[in-house]
file work.cif (mmCIF, C-alpha atoms)
data_model
#
loop_
_atom_site.group_PDB
_atom_site.id
_atom_site.type_symbol
_atom_site.label_atom_id
_atom_site.label_comp_id
_atom_site.auth_asym_id
_atom_site.auth_seq_id
_atom_site.Cartn_x
_atom_site.Cartn_y
_atom_site.Cartn_z
ATOM 1 C CA MET A 1 0.000 0.000 0.000
ATOM 2 C CA SER A 2 1.388 3.381 -0.875
ATOM 3 C CA LYS A 3 1.434 6.277 1.536
ATOM 4 C CA SER A 4 -0.236 8.536 -1.015
ATOM 5 C CA ASP A 5 -3.548 6.827 -0.193
ATOM 6 C CA ASP A 6 -3.306 7.848 3.475
ATOM 7 C CA ARG A 7 -4.465 11.229 4.675
ATOM 8 C CA THR A 8 -4.940 12.917 8.027
ATOM 9 C CA THR A 9 -8.158 14.696 8.896
ATOM 10 C CA SER A 10 -9.710 16.199 12.010
ATOM 11 C CA VAL A 11 -12.858 14.799 13.542
ATOM 12 C CA ARG A 12 -14.912 15.927 16.487
ATOM 13 C CA ILE A 13 -15.526 13.338 19.193
ATOM 14 C CA ARG A 14 -18.255 13.839 21.772
ATOM 15 C CA ARG A 15 -20.732 11.931 23.835
ATOM 16 C CA ALA A 16 -24.384 12.224 22.897
ATOM 17 C CA PRO A 17 -27.407 11.233 24.989
ATOM 18 C CA LYS A 18 -29.869 8.669 23.681
ATOM 19 C CA PHE A 19 -33.013 10.694 23.220
ATOM 20 C CA SER A 20 -35.297 7.654 23.232
ATOM 21 C CA VAL A 21 -34.210 6.737 26.763
ATOM 22 C CA PHE A 22 -34.938 10.238 28.029
ATOM 23 C CA LEU A 23 -38.340 10.289 26.320
ATOM 24 C CA VAL A 24 -39.392 6.895 27.703
ATOM 25 C CA LEU A 25 -38.169 7.649 31.228
ATOM 26 C CA GLY A 26 -39.824 11.080 31.153
ATOM 27 C CA ALA A 27 -43.140 9.557 30.086
ATOM 28 C CA LEU A 28 -42.936 6.883 32.800
ATOM 29 C CA VAL A 29 -42.122 9.472 35.470
ATOM 30 C CA GLY A 30 -45.038 11.596 34.253
ATOM 31 C CA ILE A 31 -47.440 8.656 34.554
ATOM 32 C CA PHE A 32 -46.060 7.837 38.010
ATOM 33 C CA VAL A 33 -46.553 11.452 39.120
ATOM 34 C CA ALA A 34 -50.143 11.292 37.819
ATOM 35 C CA LEU A 35 -50.675 8.109 39.860
ATOM 36 C CA ILE A 36 -49.355 9.747 43.032
ATOM 37 C CA LEU A 37 -51.406 12.897 42.517
ATOM 38 C CA THR A 38 -54.561 10.919 41.766
ATOM 39 C CA ALA A 39 -54.111 8.765 44.876
ATOM 40 C CA SER A 40 -53.324 11.804 47.068
ATOM 41 C CA PHE A 41 -56.682 13.514 46.655
ATOM 42 C CA PRO A 42 -60.172 12.245 47.446
ATOM 43 C CA ILE A 43 -61.860 10.396 44.576
ATOM 44 C CA ASP A 44 -65.340 11.180 43.297
ATOM 45 C CA GLN A 45 -67.357 7.997 43.935
ATOM 46 C CA LYS A 46 -69.483 8.537 40.830
ATOM 47 C CA VAL A 47 -66.450 8.385 38.548
ATOM 48 C CA GLY A 48 -63.978 6.141 40.367
ATOM 49 C CA PHE A 49 -60.208 5.924 40.525
ATOM 50 C CA GLY A 50 -59.494 4.352 37.115
ATOM 51 C CA PRO A 51 -61.031 6.958 34.820
ATOM 52 C CA ILE A 52 -59.585 9.839 36.835
ATOM 53 C CA PHE A 53 -56.132 8.262 36.798
ATOM 54 C CA GLY A 54 -56.415 7.574 33.059
ATOM 55 C CA TYR A 55 -57.358 11.171 32.388
ATOM 56 C CA PHE A 56 -54.441 12.556 34.379
ATOM 57 C CA ALA A 57 -52.067 9.886 33.036
ATOM 58 C CA ILE A 58 -52.539 11.312 29.543
ATOM 59 C CA TYR A 59 -51.398 14.719 30.756
ATOM 60 C CA GLY A 60 -48.616 13.137 32.804
ATOM 61 C CA PHE A 61 -47.429 11.164 29.776
ATOM 62 C CA VAL A 62 -47.270 14.210 27.521
ATOM 63 C CA GLY A 63 -45.751 16.425 30.234
ATOM 64 C CA GLY A 64 -43.130 13.815 31.097
ATOM 65 C CA LEU A 65 -42.313 13.358 27.424
ATOM 66 C CA LEU A 66 -41.730 17.081 27.036
ATOM 67 C CA VAL A 67 -39.608 17.306 30.189
ATOM 68 C CA GLY A 68 -37.561 14.278 29.107
ATOM 69 C CA ALA A 69 -36.945 15.843 25.692
ATOM 70 C CA LEU A 70 -35.926 19.120 27.310
ATOM 71 C CA VAL A 71 -33.483 17.356 29.647
ATOM 72 C CA ALA A 72 -32.002 15.415 26.718
ATOM 73 C CA LEU A 73 -31.539 18.631 24.735
ATOM 74 C CA ILE A 74 -29.824 20.300 27.710
ATOM 75 C CA PHE A 75 -27.496 17.298 28.136
ATOM 76 C CA ASP A 76 -26.767 17.325 24.414
ATOM 77 C CA ARG A 77 -25.856 21.004 24.535
ATOM 78 C CA VAL A 78 -23.609 20.570 27.587
ATOM 79 C CA LEU A 79 -21.873 17.517 26.147
ATOM 80 C CA SER A 80 -21.321 19.204 22.775
ATOM 81 C CA ARG A 81 -19.282 21.903 24.520
ATOM 82 C CA ARG A 82 -16.975 19.207 25.876
ATOM 83 C CA ALA A 83 -16.264 17.812 22.429
ATOM 84 C CA LYS A 84 -12.639 17.322 21.448
ATOM 85 C CA MET A 85 -11.006 17.619 18.067
ATOM 86 C CA VAL A 86 -8.863 14.603 17.225
ATOM 87 C CA ALA A 87 -6.580 14.003 14.259
ATOM 88 C CA VAL A 88 -7.190 10.669 12.564
ATOM 89 C CA THR A 89 -5.498 8.946 9.679
ATOM 90 C CA VAL A 90 -7.688 7.491 6.984
ATOM 91 C CA ASP A 91 -6.246 4.328 5.475
ATOM 92 C CA ARG A 92 -7.633 3.141 2.187
ATOM 93 C CA LEU A 93 -7.041 -0.498 1.499
ATOM 94 C CA GLN A 94 -7.514 -2.027 -1.905
ATOM 95 C CA VAL A 95 -8.662 -5.616 -1.688
ATOM 96 C CA PRO A 96 -8.362 -7.676 -4.856
ATOM 97 C CA ASP A 97 -11.560 -9.043 -6.343
ATOM 98 C CA GLN A 98 -12.575 -12.605 -5.580
ATOM 99 C CA GLU A 99 -12.202 -13.533 -9.252
ATOM 100 C CA SER A 100 -8.602 -12.326 -9.461
ATOM 101 C CA ARG A 101 -7.686 -14.291 -6.315
ATOM 102 C CA ASP A 102 -9.062 -17.511 -7.772
ATOM 103 C CA GLU A 103 -6.860 -17.293 -10.868
#

call {"tool": "encode", "arguments": {"input": "work.cif", "output": "structure tokens"}}
result
Amino acid sequence: MSKSDDRTTSVRIRRAPKFSVFLVLGALVGIFVALILTASFPIDQKVGFGPIFGYFAIYGFVGGLLVGALVALIFDRVLSRRAKMVAVTVDRLQVPDQESRDE
């Protein structure tokens, strides 16, 4: 391999949060908060616990999703400031075709 095929370039290395984890955990925390708030207050006997919890769980789900997304965006912004520039060497290898190896 000749050295003319090699080149050095700069890349930026950083850690990035997994947004899906933050969204799922935020939604679960929101539903759990809705459960605690529903259980903390007296329940209307005509309606019952289930429908009231379901109603507030929808708001808890959406609110938790939004908070989780906001936290993930904040982490992403903080971690992008800690990114480092690294010099890497790109090696290009030429592998012979299967047909030429068989001959």

call {"tool": "residues_around", "arguments": {"input": "work.cif", "residues": "Lys18 in chain A", "least_positions_apart": "2", "cutoff": "12 Å", "atoms": "only C-alpha atoms", "output": "ChimeraX atom specification"}}
result
/A:15-16,20-25,68-69,71-73,75-76

call {"tool": "axis_aligned_box", "arguments": {"input": "work.cif", "around": "range 51-70 of chain A", "padding_each_side": "5 Å", "output": "AutoDock Vina command-line options"}}
result
--center_x -48.5 --center_y 13.0 --center_z 31.3 --size_x 35.1 --size_y 22.2 --size_z 21.1

call {"tool": "residues_near_point", "arguments": {"input": "work.cif", "point": "(-8.1, 16.9, 10.2)", "cutoff": "9 Å", "atoms": "only C-alpha atoms", "output": "mmCIF file with C-alpha atoms, keeping the file's coordinate frame"}}
result
data_model
loop_
_atom_site.group_PDB
_atom_site.id
_atom_site.type_symbol
_atom_site.label_atom_id
_atom_site.label_comp_id
_atom_site.auth_asym_id
_atom_site.auth_seq_id
_atom_site.Cartn_x
_atom_site.Cartn_y
_atom_site.Cartn_z
ATOM 1 C CA ARG A 7 -4.465 11.229 4.675
ATOM 2 C CA THR A 8 -4.940 12.917 8.027
ATOM 3 C CA THR A 9 -8.158 14.696 8.896
ATOM 4 C CA SER A 10 -9.710 16.199 12.010
ATOM 5 C CA VAL A 11 -12.858 14.799 13.542
ATOM 6 C CA MET A 85 -11.006 17.619 18.067
ATOM 7 C CA VAL A 86 -8.863 14.603 17.225
ATOM 8 C CA ALA A 87 -6.580 14.003 14.259
ATOM 9 C CA VAL A 88 -7.190 10.669 12.564
ATOM 10 C CA THR A 89 -5.498 8.946 9.679
#

call {"tool": "resolve_selection", "arguments": {"input": "work.cif", "expression": "the PyMOL selection byres ((chain A and resi 34) around 7)", "output": "list in words"}}
result
Gly30, Ile31, Phe32, Val33, Leu35, Ile36, Leu37, Thr38, Phe53, Phe56, Ala57 and Gly60 of chain A

call {"tool": "closest_residue", "arguments": {"input": "work.cif", "among": "A:Pro96, A:Ser80, A:Val90, A:Tyr59", "to": "Val29 in chain A", "atoms": "only C-alpha atoms"}}
result
A:Tyr59

call {"tool": "atom_distance", "arguments": {"input": "work.cif", "atom1": "CA of Ile58 in chain A", "atom2": "CA of Leu28 in chain A"}}
result
11.1 Å

call {"tool": "atom_distance", "arguments": {"input": "work.cif", "atom1": "CA of Ala27 in chain A", "atom2": "CA of Val62 in chain A"}}
result
6.7 Å

call {"tool": "atom_distance", "arguments": {"input": "work.cif", "atom1": "CA of Gly64 in chain A", "atom2": "CA of Pro17 in chain A"}}
result
17.1 Å

call {"tool": "residues_around", "arguments": {"input": "work.cif", "residues": "Arg82 in chain A", "least_positions_apart": "5", "cutoff": "10 Å", "atoms": "all atoms listed in the file", "output": "PDB file with C-alpha atoms, in the coordinates of the input"}}
result
ATOM      1  CA  ILE A  13     -15.526  13.338  19.193  1.00  0.00           C
ATOM      2  CA  ARG A  14     -18.255  13.839  21.772  1.00  0.00           C
ATOM      3  CA  ARG A  15     -20.732  11.931  23.835  1.00  0.00           C
ATOM      4  CA  ARG A  77     -25.856  21.004  24.535  1.00  0.00           C
TER       5      ARG A  77
END

call {"tool": "build_atoms", "arguments": {"input": "work.cif", "residues": "range 40-65 of chain A", "atoms": "N, CA and C atoms", "output": "PDB file, keeping the file's coordinate frame"}}
result
ATOM      1  N   SER A  40     -53.468  10.882  45.933  1.00  0.00           N
ATOM      2  CA  SER A  40     -53.324  11.804  47.068  1.00  0.00           C
ATOM      3  C   SER A  40     -54.609  12.548  47.399  1.00  0.00           C
ATOM      4  N   PHE A  41     -55.474  12.731  46.440  1.00  0.00           N
ATOM      5  CA  PHE A  41     -56.682  13.514  46.655  1.00  0.00           C
ATOM      6  C   PHE A  41     -57.893  12.605  46.713  1.00  0.00           C
ATOM      7  N   PRO A  42     -58.962  13.065  47.370  1.00  0.00           N
ATOM      8  CA  PRO A  42     -60.172  12.245  47.446  1.00  0.00           C
ATOM      9  C   PRO A  42     -60.778  12.004  46.053  1.00  0.00           C
ATOM     10  N   ILE A  43     -61.318  10.808  45.873  1.00  0.00           N
ATOM     11  CA  ILE A  43     -61.860  10.396  44.576  1.00  0.00           C
ATOM     12  C   ILE A  43     -63.373  10.576  44.579  1.00  0.00           C
ATOM     13  N   ASP A  44     -63.903  11.067  43.479  1.00  0.00           N
ATOM     14  CA  ASP A  44     -65.340  11.180  43.297  1.00  0.00           C
ATOM     15  C   ASP A  44     -65.896   9.764  43.121  1.00  0.00           C
ATOM     16  N   GLN A  45     -66.821   9.357  43.954  1.00  0.00           N
ATOM     17  CA  GLN A  45     -67.357   7.997  43.935  1.00  0.00           C
ATOM     18  C   GLN A  45     -68.172   7.715  42.677  1.00  0.00           C
ATOM     19  N   LYS A  46     -68.707   8.742  42.049  1.00  0.00           N
ATOM     20  CA  LYS A  46     -69.483   8.537  40.830  1.00  0.00           C
ATOM     21  C   LYS A  46     -68.581   8.143  39.658  1.00  0.00           C
ATOM     22  N   VAL A  47     -67.354   8.633  39.664  1.00  0.00           N
ATOM     23  CA  VAL A  47     -66.450   8.385  38.548  1.00  0.00           C
ATOM     24  C   VAL A  47     -65.523   7.219  38.840  1.00  0.00           C
ATOM     25  N   GLY A  48     -64.901   7.213  40.001  1.00  0.00           N
ATOM     26  CA  GLY A  48     -63.978   6.141  40.367  1.00  0.00           C
ATOM     27  C   GLY A  48     -62.523   6.521  40.117  1.00  0.00           C
ATOM     28  N   PHE A  49     -61.646   5.659  40.602  1.00  0.00           N
ATOM     29  CA  PHE A  49     -60.208   5.924  40.525  1.00  0.00           C
ATOM     30  C   PHE A  49     -59.657   5.744  39.104  1.00  0.00           C
ATOM     31  N   GLY A  50     -60.053   4.691  38.425  1.00  0.00           N
ATOM     32  CA  GLY A  50     -59.494   4.352  37.115  1.00  0.00           C
ATOM     33  C   GLY A  50     -59.658   5.437  36.072  1.00  0.00           C
ATOM     34  N   PRO A  51     -60.869   5.915  35.841  1.00  0.00           N
ATOM     35  CA  PRO A  51     -61.031   6.958  34.820  1.00  0.00           C
ATOM     36  C   PRO A  51     -60.301   8.264  35.164  1.00  0.00           C
ATOM     37  N   ILE A  52     -60.289   8.612  36.444  1.00  0.00           N
ATOM     38  CA  ILE A  52     -59.585   9.839  36.835  1.00  0.00           C
ATOM     39  C   ILE A  52     -58.085   9.674  36.616  1.00  0.00           C
ATOM     40  N   PHE A  53     -57.556   8.506  37.011  1.00  0.00           N
ATOM     41  CA  PHE A  53     -56.132   8.262  36.798  1.00  0.00           C
ATOM     42  C   PHE A  53     -55.806   8.240  35.298  1.00  0.00           C
ATOM     43  N   GLY A  54     -56.642   7.622  34.505  1.00  0.00           N
ATOM     44  CA  GLY A  54     -56.415   7.574  33.059  1.00  0.00           C
ATOM     45  C   GLY A  54     -56.393   8.959  32.437  1.00  0.00           C
ATOM     46  N   TYR A  55     -57.298   9.808  32.899  1.00  0.00           N
ATOM     47  CA  TYR A  55     -57.358  11.171  32.388  1.00  0.00           C
ATOM     48  C   TYR A  55     -56.079  11.925  32.724  1.00  0.00           C
ATOM     49  N   PHE A  56     -55.658  11.843  33.980  1.00  0.00           N
ATOM     50  CA  PHE A  56     -54.441  12.556  34.379  1.00  0.00           C
ATOM     51  C   PHE A  56     -53.179  11.873  33.852  1.00  0.00           C
ATOM     52  N   ALA A  57     -53.232  10.586  33.587  1.00  0.00           N
ATOM     53  CA  ALA A  57     -52.067   9.886  33.036  1.00  0.00           C
ATOM     54  C   ALA A  57     -51.755  10.386  31.626  1.00  0.00           C
ATOM     55  N   ILE A  58     -52.778  10.763  30.881  1.00  0.00           N
ATOM     56  CA  ILE A  58     -52.539  11.312  29.543  1.00  0.00           C
ATOM     57  C   ILE A  58     -51.738  12.606  29.646  1.00  0.00           C
ATOM     58  N   TYR A  59     -52.146  13.475  30.556  1.00  0.00           N
ATOM     59  CA  TYR A  59     -51.398  14.719  30.756  1.00  0.00           C
ATOM     60  C   TYR A  59     -50.013  14.444  31.333  1.00  0.00           C
ATOM     61  N   GLY A  60     -49.913  13.488  32.238  1.00  0.00           N
ATOM     62  CA  GLY A  60     -48.616  13.137  32.804  1.00  0.00           C
ATOM     63  C   GLY A  60     -47.682  12.563  31.754  1.00  0.00           C
ATOM     64  N   PHE A  61     -48.218  11.749  30.855  1.00  0.00           N
ATOM     65  CA  PHE A  61     -47.429  11.164  29.776  1.00  0.00           C
ATOM     66  C   PHE A  61     -46.852  12.249  28.876  1.00  0.00           C
ATOM     67  N   VAL A  62     -47.710  13.144  28.433  1.00  0.00           N
ATOM     68  CA  VAL A  62     -47.270  14.210  27.521  1.00  0.00           C
ATOM     69  C   VAL A  62     -46.307  15.160  28.234  1.00  0.00           C
ATOM     70  N   GLY A  63     -46.636  15.532  29.470  1.00  0.00           N
ATOM     71  CA  GLY A  63     -45.751  16.425  30.234  1.00  0.00           C
ATOM     72  C   GLY A  63     -44.398  15.791  30.495  1.00  0.00           C
ATOM     73  N   GLY A  64     -44.393  14.512  30.863  1.00  0.00           N
ATOM     74  CA  GLY A  64     -43.130  13.815  31.097  1.00  0.00           C
ATOM     75  C   GLY A  64     -42.320  13.668  29.831  1.00  0.00           C
ATOM     76  N   LEU A  65     -42.991  13.439  28.715  1.00  0.00           N
ATOM     77  CA  LEU A  65     -42.313  13.358  27.424  1.00  0.00           C
ATOM     78  C   LEU A  65     -41.623  14.677  27.098  1.00  0.00           C
TER      79      LEU A  65
END
